[in-house]
file query_4.cif (mmCIF, C-alpha atoms and all ligand atoms)
data_query
loop_
_atom_site.label_atom_id
_atom_site.label_comp_id
_atom_site.auth_asym_id
_atom_site.auth_seq_id
_atom_site.Cartn_x
_atom_site.Cartn_y
_atom_site.Cartn_z
CA MET A 222 -10.10 -28.73 -0.82
CA GLY A 223 -6.69 -28.14 -2.52
CA GLU A 224 -6.30 -31.75 -3.65
CA THR A 225 -9.82 -32.02 -5.07
CA PHE A 226 -9.40 -28.92 -7.23
CA GLN A 227 -8.26 -30.24 -10.57
CA ILE A 228 -8.69 -27.94 -13.50
CA PRO A 229 -6.11 -28.22 -16.28
CA PRO A 230 -4.10 -25.01 -16.80
CA GLU A 231 -5.54 -24.50 -20.31
CA LYS A 232 -9.04 -24.43 -18.80
CA THR A 233 -8.10 -22.06 -15.99
CA PRO A 234 -8.90 -18.40 -16.69
CA LYS A 235 -5.74 -16.38 -17.08
CA HIS A 236 -7.53 -13.23 -15.98
CA VAL A 237 -10.33 -13.14 -13.40
CA ALA A 238 -12.12 -9.86 -12.65
CA ILE A 239 -14.40 -9.49 -9.65
CA ILE A 240 -17.18 -7.07 -8.79
CA MET A 241 -16.96 -7.41 -5.01
CA ASP A 242 -20.55 -6.51 -4.21
CA GLY A 243 -22.87 -7.02 -1.26
CA ASN A 244 -20.77 -5.78 1.68
CA GLY A 245 -23.55 -3.44 2.84
CA ARG A 246 -26.25 -6.11 2.73
CA TRP A 247 -23.94 -8.60 4.45
CA ALA A 248 -23.55 -6.12 7.33
CA LEU A 249 -27.23 -5.21 7.40
CA SER A 250 -28.21 -8.87 7.68
CA ARG A 251 -26.06 -9.06 10.82
CA GLY A 252 -27.28 -5.79 12.31
CA LYS A 253 -23.85 -4.18 11.77
CA PRO A 254 -22.86 -0.86 10.19
CA ARG A 255 -22.03 -0.90 6.48
CA LEU A 256 -18.35 -0.23 7.19
CA ALA A 257 -18.14 -3.49 9.12
CA GLY A 258 -19.24 -5.12 5.86
CA HIS A 259 -16.47 -3.35 3.97
CA ARG A 260 -13.94 -4.53 6.53
CA ALA A 261 -15.17 -8.11 6.27
CA GLY A 262 -15.01 -7.76 2.50
CA THR A 263 -11.39 -6.68 2.74
CA GLU A 264 -10.57 -9.70 4.89
CA ASN A 265 -12.13 -11.89 2.23
CA LEU A 266 -10.06 -10.24 -0.45
CA ARG A 267 -6.87 -11.51 1.24
CA ARG A 268 -8.20 -15.04 0.97
CA VAL A 269 -9.23 -14.65 -2.65
CA ILE A 270 -5.83 -13.21 -3.63
CA ARG A 271 -4.13 -16.21 -2.04
CA ALA A 272 -6.53 -18.64 -3.68
CA SER A 273 -5.89 -16.98 -7.05
CA VAL A 274 -2.17 -17.70 -6.74
CA GLU A 275 -2.93 -21.27 -5.73
CA PHE A 276 -5.38 -21.82 -8.60
CA GLY A 277 -2.90 -20.52 -11.17
CA VAL A 278 -4.77 -17.33 -12.12
CA LYS A 279 -2.21 -14.84 -13.45
CA TYR A 280 -4.23 -11.60 -13.46
CA LEU A 281 -6.83 -10.61 -10.89
CA THR A 282 -8.77 -7.36 -11.24
CA ILE A 283 -10.92 -6.23 -8.36
CA TYR A 284 -13.56 -3.50 -8.39
CA ALA A 285 -13.09 -1.68 -5.09
CA PHE A 286 -14.52 1.81 -5.70
CA SER A 287 -16.39 3.09 -8.75
CA THR A 288 -16.61 6.62 -10.14
CA GLU A 289 -20.26 6.50 -9.03
CA ASN A 290 -19.44 5.47 -5.46
CA TRP A 291 -18.52 9.11 -4.68
CA GLY A 292 -22.28 9.63 -4.47
CA ARG A 293 -22.50 7.60 -1.23
CA PRO A 294 -22.78 9.32 2.17
CA PRO A 295 -19.51 11.14 3.01
CA ALA A 296 -18.81 8.97 6.07
CA GLU A 297 -18.95 5.81 3.96
CA VAL A 298 -16.71 7.33 1.27
CA ARG A 299 -14.21 8.38 3.94
CA GLY A 300 -14.36 4.90 5.47
CA LEU A 301 -13.64 3.26 2.12
CA MET A 302 -10.65 5.58 1.53
CA HIS A 303 -9.38 4.72 4.99
CA ILE A 304 -9.72 0.99 4.37
CA PHE A 305 -7.78 1.29 1.09
CA GLU A 306 -5.01 3.15 2.90
CA ASN A 307 -4.96 0.54 5.65
CA VAL A 308 -4.65 -2.27 3.15
CA ILE A 309 -1.57 -0.64 1.65
CA ASP A 310 -0.08 0.00 5.10
CA HIS A 311 -0.68 -3.48 6.48
CA GLU A 312 -0.78 -5.87 3.54
CA LEU A 313 1.73 -4.51 1.08
CA GLU A 314 4.82 -6.18 2.50
CA GLU A 315 3.21 -9.60 2.56
CA LEU A 316 1.76 -9.23 -0.93
CA HIS A 317 5.21 -8.21 -2.14
CA GLN A 318 6.79 -11.27 -0.49
CA GLU A 319 4.23 -13.45 -2.21
CA GLY A 320 5.17 -12.10 -5.61
CA VAL A 321 2.09 -9.99 -6.26
CA GLN A 322 2.48 -7.09 -8.66
CA LEU A 323 0.12 -4.26 -7.80
CA ARG A 324 -1.36 -2.07 -10.48
CA HIS A 325 -4.04 0.55 -10.30
CA ILE A 326 -6.80 1.24 -12.81
CA GLY A 327 -8.85 4.42 -12.60
CA ARG A 328 -7.90 7.94 -11.65
CA LEU A 329 -5.63 8.59 -8.70
CA GLU A 330 -5.85 12.38 -8.90
CA LYS A 331 -9.07 12.58 -6.93
CA LEU A 332 -7.63 10.73 -3.92
CA THR A 333 -5.87 12.58 -1.13
CA PRO A 334 -2.21 13.37 -1.98
CA LYS A 335 -1.16 11.01 0.83
CA LEU A 336 -3.12 8.06 -0.53
CA HIS A 337 -2.11 8.90 -4.09
CA LYS A 338 1.56 8.74 -3.07
CA LYS A 339 1.11 5.47 -1.20
CA VAL A 340 -0.48 3.81 -4.22
CA LEU A 341 2.35 4.97 -6.49
CA ALA A 342 4.94 3.69 -4.01
CA ALA A 343 3.19 0.30 -3.83
CA ILE A 344 3.17 0.04 -7.63
CA GLU A 345 6.86 0.93 -7.76
CA LEU A 346 7.82 -1.54 -5.01
CA THR A 347 6.08 -4.49 -6.64
CA LYS A 348 6.64 -3.74 -10.32
CA ASN A 349 9.01 -6.67 -10.96
CA ASN A 350 6.84 -9.32 -9.27
CA THR A 351 5.49 -12.00 -11.59
CA ARG A 352 3.36 -14.45 -9.66
CA LEU A 353 0.09 -12.55 -9.90
CA VAL A 354 -0.82 -9.16 -11.33
CA LEU A 355 -3.41 -7.53 -9.09
CA ASN A 356 -5.24 -4.65 -10.77
CA ILE A 357 -7.04 -2.55 -8.19
CA ALA A 358 -9.94 -0.62 -9.70
CA PHE A 359 -10.29 2.31 -7.34
CA ASN A 360 -12.05 5.43 -8.55
CA TYR A 361 -12.56 3.44 -11.75
CA GLY A 362 -15.34 3.76 -14.29
CA GLY A 363 -15.43 2.11 -17.70
CA ARG A 364 -16.87 5.18 -19.37
CA ASP A 365 -14.34 7.44 -17.69
CA GLU A 366 -11.61 5.10 -18.95
CA ILE A 367 -12.82 5.57 -22.53
CA VAL A 368 -12.96 9.36 -22.09
CA TYR A 369 -9.40 9.24 -20.75
CA ALA A 370 -8.26 7.12 -23.70
CA VAL A 371 -9.83 9.45 -26.30
CA GLN A 372 -8.38 12.53 -24.61
CA ASN A 373 -4.91 11.02 -24.63
CA MET A 374 -5.16 9.86 -28.23
CA LEU A 375 -6.13 13.37 -29.33
CA GLN A 376 -3.33 14.88 -27.28
CA ASP A 377 -0.86 12.50 -28.93
CA GLY A 378 -2.09 13.60 -32.36
CA VAL A 379 -3.38 10.15 -33.34
CA SER A 380 -5.06 10.33 -36.77
CA ALA A 381 -8.47 8.81 -37.57
CA GLU A 382 -6.90 6.12 -39.77
CA GLU A 383 -4.64 4.96 -36.96
CA VAL A 384 -7.52 4.22 -34.57
CA ASN A 385 -8.22 0.50 -34.22
CA ILE A 386 -8.98 -1.96 -31.46
CA GLU A 387 -5.33 -2.63 -30.62
CA LEU A 388 -4.56 1.07 -30.35
CA ILE A 389 -7.54 1.71 -28.08
CA ASN A 390 -6.37 -1.17 -25.86
CA LYS A 391 -3.04 0.61 -25.45
CA TYR A 392 -4.73 3.77 -24.21
CA LEU A 393 -6.88 2.09 -21.55
CA PHE A 394 -5.95 1.89 -17.86
CA THR A 395 -5.71 -1.88 -18.31
CA VAL A 396 -2.84 -1.69 -20.81
CA GLY A 397 -0.61 -4.71 -20.25
CA SER A 398 -3.39 -6.99 -18.96
CA PRO A 399 -5.26 -9.35 -21.30
CA ASP A 400 -9.05 -9.05 -21.47
CA PRO A 401 -10.73 -10.75 -18.51
CA ASP A 402 -11.68 -14.36 -19.26
CA LEU A 403 -14.06 -14.59 -16.34
CA ILE A 404 -15.96 -11.86 -14.50
CA ILE A 405 -17.48 -12.77 -11.14
CA ARG A 406 -20.16 -10.64 -9.53
CA THR A 407 -21.28 -11.41 -6.01
CA SER A 408 -24.61 -10.51 -4.40
CA GLY A 409 -26.74 -11.36 -7.40
CA GLU A 410 -27.00 -8.09 -9.32
CA LEU A 411 -27.28 -8.57 -13.07
CA ARG A 412 -25.41 -5.53 -14.35
CA THR A 413 -21.91 -4.32 -15.18
CA SER A 414 -22.08 -1.14 -13.04
CA ASN A 415 -19.53 0.47 -15.38
CA PHE A 416 -16.86 -2.20 -14.89
CA LEU A 417 -14.51 -3.05 -17.78
CA ILE A 418 -17.19 -2.28 -20.36
CA TRP A 419 -14.77 -2.38 -23.30
CA GLN A 420 -12.63 -5.28 -22.11
CA SER A 421 -15.56 -7.56 -21.23
CA ALA A 422 -16.84 -7.90 -24.82
CA TYR A 423 -16.19 -11.67 -24.76
CA SER A 424 -15.75 -12.37 -21.06
CA GLU A 425 -17.67 -15.18 -19.40
CA TRP A 426 -19.88 -14.05 -16.50
CA TYR A 427 -20.45 -15.85 -13.23
CA ILE A 428 -23.01 -14.34 -10.88
CA THR A 429 -23.68 -15.70 -7.44
CA PRO A 430 -26.20 -14.54 -4.82
CA THR A 431 -23.49 -14.88 -2.13
CA PHE A 432 -22.44 -11.57 -0.58
CA TRP A 433 -18.78 -10.72 -1.11
CA PRO A 434 -17.59 -11.31 2.51
CA ASP A 435 -18.94 -14.89 2.25
CA PHE A 436 -17.48 -15.67 -1.18
CA ASP A 437 -14.96 -18.26 -0.03
CA LYS A 438 -12.38 -20.46 -1.70
CA LYS A 439 -14.92 -23.20 -2.30
CA GLU A 440 -17.22 -20.84 -4.18
CA TYR A 441 -14.30 -19.45 -6.09
CA ALA A 442 -13.34 -22.98 -7.13
CA LYS A 443 -16.92 -23.55 -8.25
CA ALA A 444 -16.80 -20.41 -10.41
CA LEU A 445 -13.58 -21.62 -12.01
CA GLN A 446 -15.07 -25.06 -12.61
CA THR A 447 -18.12 -23.50 -14.27
CA TYR A 448 -15.79 -21.47 -16.47
CA ALA A 449 -13.82 -24.60 -17.41
CA ASP A 450 -17.05 -26.26 -18.57
CA ARG A 451 -18.08 -23.37 -20.80
CA ASP A 452 -17.70 -23.30 -24.56
CA ARG A 453 -16.29 -19.95 -25.64
CA ARG A 454 -17.20 -19.39 -29.26
CA TYR A 455 -16.34 -15.73 -29.93
CA GLY A 456 -19.03 -15.59 -32.58
CA GLY A 457 -17.85 -18.75 -34.31
CA VAL A 458 -19.13 -22.34 -34.23
CA SER A 459 -17.46 -25.02 -32.14
CA ASP A 460 -16.48 -28.36 -33.72
CA GLU A 461 -19.17 -30.41 -31.96
CA HIS A 462 -21.86 -28.22 -33.49
CA TYR A 463 -20.91 -29.20 -37.01
CA GLU A 464 -22.81 -32.17 -38.44
C1 LIG B 1 -19.53 -3.39 -2.50
O1 LIG B 1 -20.49 -3.51 -1.52
C2 LIG B 1 -18.41 -2.48 -2.09
C3 LIG B 1 -18.43 -1.16 -2.75
C4 LIG B 1 -19.24 -0.78 -3.70
C5 LIG B 1 -17.45 -0.21 -2.29
P1 LIG B 1 -21.70 -2.50 -1.41
O2 LIG B 1 -21.32 -1.42 -0.47
O3 LIG B 1 -22.15 -2.04 -2.74
O4 LIG B 1 -22.81 -3.42 -0.76
P2 LIG B 1 -24.35 -3.44 -1.07
O5 LIG B 1 -24.50 -3.63 -2.54
O6 LIG B 1 -24.89 -2.12 -0.63
O7 LIG B 1 -24.88 -4.59 -0.29
C1 LIG B 2 -20.18 -1.85 -8.04
O1 LIG B 2 -21.06 -2.03 -6.99
C2 LIG B 2 -18.95 -1.15 -7.56
C3 LIG B 2 -18.06 -1.91 -6.70
C4 LIG B 2 -18.23 -3.15 -6.33
C5 LIG B 2 -16.89 -1.22 -6.26
P1 LIG B 2 -22.21 -0.97 -6.64
O2 LIG B 2 -22.88 -1.47 -5.44
O3 LIG B 2 -21.65 0.40 -6.60
O4 LIG B 2 -23.15 -1.08 -7.94
P2 LIG B 2 -24.69 -0.78 -8.11
O5 LIG B 2 -24.93 0.58 -7.52
O6 LIG B 2 -25.46 -1.84 -7.39
O7 LIG B 2 -24.93 -0.84 -9.58
MG MG B 3 -23.49 -2.74 -4.07
#

call {"tool": "encode", "arguments": {"input": "query_4.cif", "output": "structure tokens"}}
result
Amino acid sequence: MGETFQIPPEKTPKHVAIIMDGNGRWALSRGKPRLAGHRAGTENLRRVIRASVEFGVKYLTIYAFSTENWGRPPAEVRGLMHIFENVIDHELEELHQEGVQLRHIGRLEKLTPKLHKKVLAAIELTKNNTRLVLNIAFNYGGRDEIVYAVQNMLQDGVSAEEVNIELINKYLFTVGSPDPDLIIRTSGELRTSNFLIWQSAYSEWYITPTFWPDFDKKEYAKALQTYADRDRRYGGVSDEHYE
């Protein structure tokens, strides 16, 4: 597969964001509990992180837990917290060795103090890594992010005249990451579910019916190829559309 994947660097998305959806249905279709689906999804994430490095993606943002996911049954919420903690405990060292810089987007305050501390330690450990920036959206909501930004701007005494797009970008959780070029959503749903609603203004979308645990390297390569073939116009007109 590696040798057949030939997309020139200028056609490769710098920033890929993924709504990792369909773990529950993947499990259900196998007669397994939903948490087994979340575990399989986590396994798949390892593969996709590695593939991202290989494909030359520089920023990867993954939607792992939304502000709305707190509304799920308590046992599932607890299970998801536990999986996140496990990932930090068991994967951090290897991710660090591979040059992955971990960042978090969303609010950490609502997590247990133990998990909160672990996330901060992981961010600190990996802060100088440059191979891939991995933004983990955990307890993230796009609307909440905008509320957070406005609150902080007011607290900083920002005046109405100073507010512009660049300034808002600086107050978002995603500060330091470019806007996503490509957003992938697995499991076929046609909605944003509150993910990067500001940053996705001109992102390209790729939606596949495949459930997240089955979204393999081959499908990832296909998404990147589709992206490479797109014509991003940003409201303008591309050369070939002029007479
Ligand atoms: C995505 O899978 C993972 C999270 C939202 C945490 P789901 O759990 O939403 O799976 P489906 O959509 O119910 O199949
Ligand atoms: C979006 O998936 C959130 C994550 C993948 C973490 P959901 O399964 O929560 O979204 P809806 O409920 O189908 O919109
Ligand atoms: Mg879902």

call {"tool": "residues_near_ligand", "arguments": {"input": "query_4.cif", "ligand": "ligand MG 3 (chain B)", "cutoff": "8 Å", "atoms": "only C-alpha atoms and all ligand atoms", "output": "MDAnalysis selection string"}}
result
chainID A and resid 242:245 408

call {"tool": "residues_near_ligand", "arguments": {"input": "query_4.cif", "ligand": "ligand LIG 1 (chain B)", "cutoff": "8 Å", "atoms": "only C-alpha atoms and all ligand atoms", "output": "PDB file with C-alpha atoms, keeping the file's coordinate frame"}}
result
ATOM      1  CA  ILE A 240     -17.180  -7.070  -8.790  1.00  0.00           C
ATOM      2  CA  MET A 241     -16.960  -7.410  -5.010  1.00  0.00           C
ATOM      3  CA  ASP A 242     -20.550  -6.510  -4.210  1.00  0.00           C
ATOM      4  CA  GLY A 243     -22.870  -7.020  -1.260  1.00  0.00           C
ATOM      5  CA  ASN A 244     -20.770  -5.780   1.680  1.00  0.00           C
ATOM      6  CA  GLY A 245     -23.550  -3.440   2.840  1.00  0.00           C
ATOM      7  CA  ARG A 246     -26.250  -6.110   2.730  1.00  0.00           C
ATOM      8  CA  TRP A 247     -23.940  -8.600   4.450  1.00  0.00           C
ATOM      9  CA  ALA A 248     -23.550  -6.120   7.330  1.00  0.00           C
ATOM     10  CA  ARG A 255     -22.030  -0.900   6.480  1.00  0.00           C
ATOM     11  CA  GLY A 258     -19.240  -5.120   5.860  1.00  0.00           C
ATOM     12  CA  HIS A 259     -16.470  -3.350   3.970  1.00  0.00           C
ATOM     13  CA  GLY A 262     -15.010  -7.760   2.500  1.00  0.00           C
ATOM     14  CA  TYR A 284     -13.560  -3.500  -8.390  1.00  0.00           C
ATOM     15  CA  ALA A 285     -13.090  -1.680  -5.090  1.00  0.00           C
ATOM     16  CA  PHE A 286     -14.520   1.810  -5.700  1.00  0.00           C
ATOM     17  CA  SER A 287     -16.390   3.090  -8.750  1.00  0.00           C
ATOM     18  CA  ASN A 290     -19.440   5.470  -5.460  1.00  0.00           C
ATOM     19  CA  LEU A 301     -13.640   3.260   2.120  1.00  0.00           C
ATOM     20  CA  SER A 408     -24.610 -10.510  -4.400  1.00  0.00           C
ATOM     21  CA  PHE A 432     -22.440 -11.570  -0.580  1.00  0.00           C
ATOM     22  CA  TRP A 433     -18.780 -10.720  -1.110  1.00  0.00           C
TER      23      TRP A 433
END

call {"tool": "residues_near_point", "arguments": {"input": "query_4.cif", "point": "(0.3, -18.4, 0.3)", "cutoff": "12 Å", "atoms": "all atoms listed in the file", "output": "ChimeraX atom specification"}}
result
/A:267-276,315-321,352-353

call {"tool": "closest_residue", "arguments": {"input": "query_4.cif", "among": "A:Arg454, A:Ile239, A:Ala449, A:Glu410", "to": "A:Asn356", "atoms": "all atoms listed in the file"}}
result
A:Ile239

call {"tool": "closest_residue", "arguments": {"input": "query_4.cif", "among": "A:Asn385, A:Ser380, A:Thr431, A:Ser424", "to": "A:Asp400", "atoms": "only C-alpha atoms"}}
result
A:Ser424
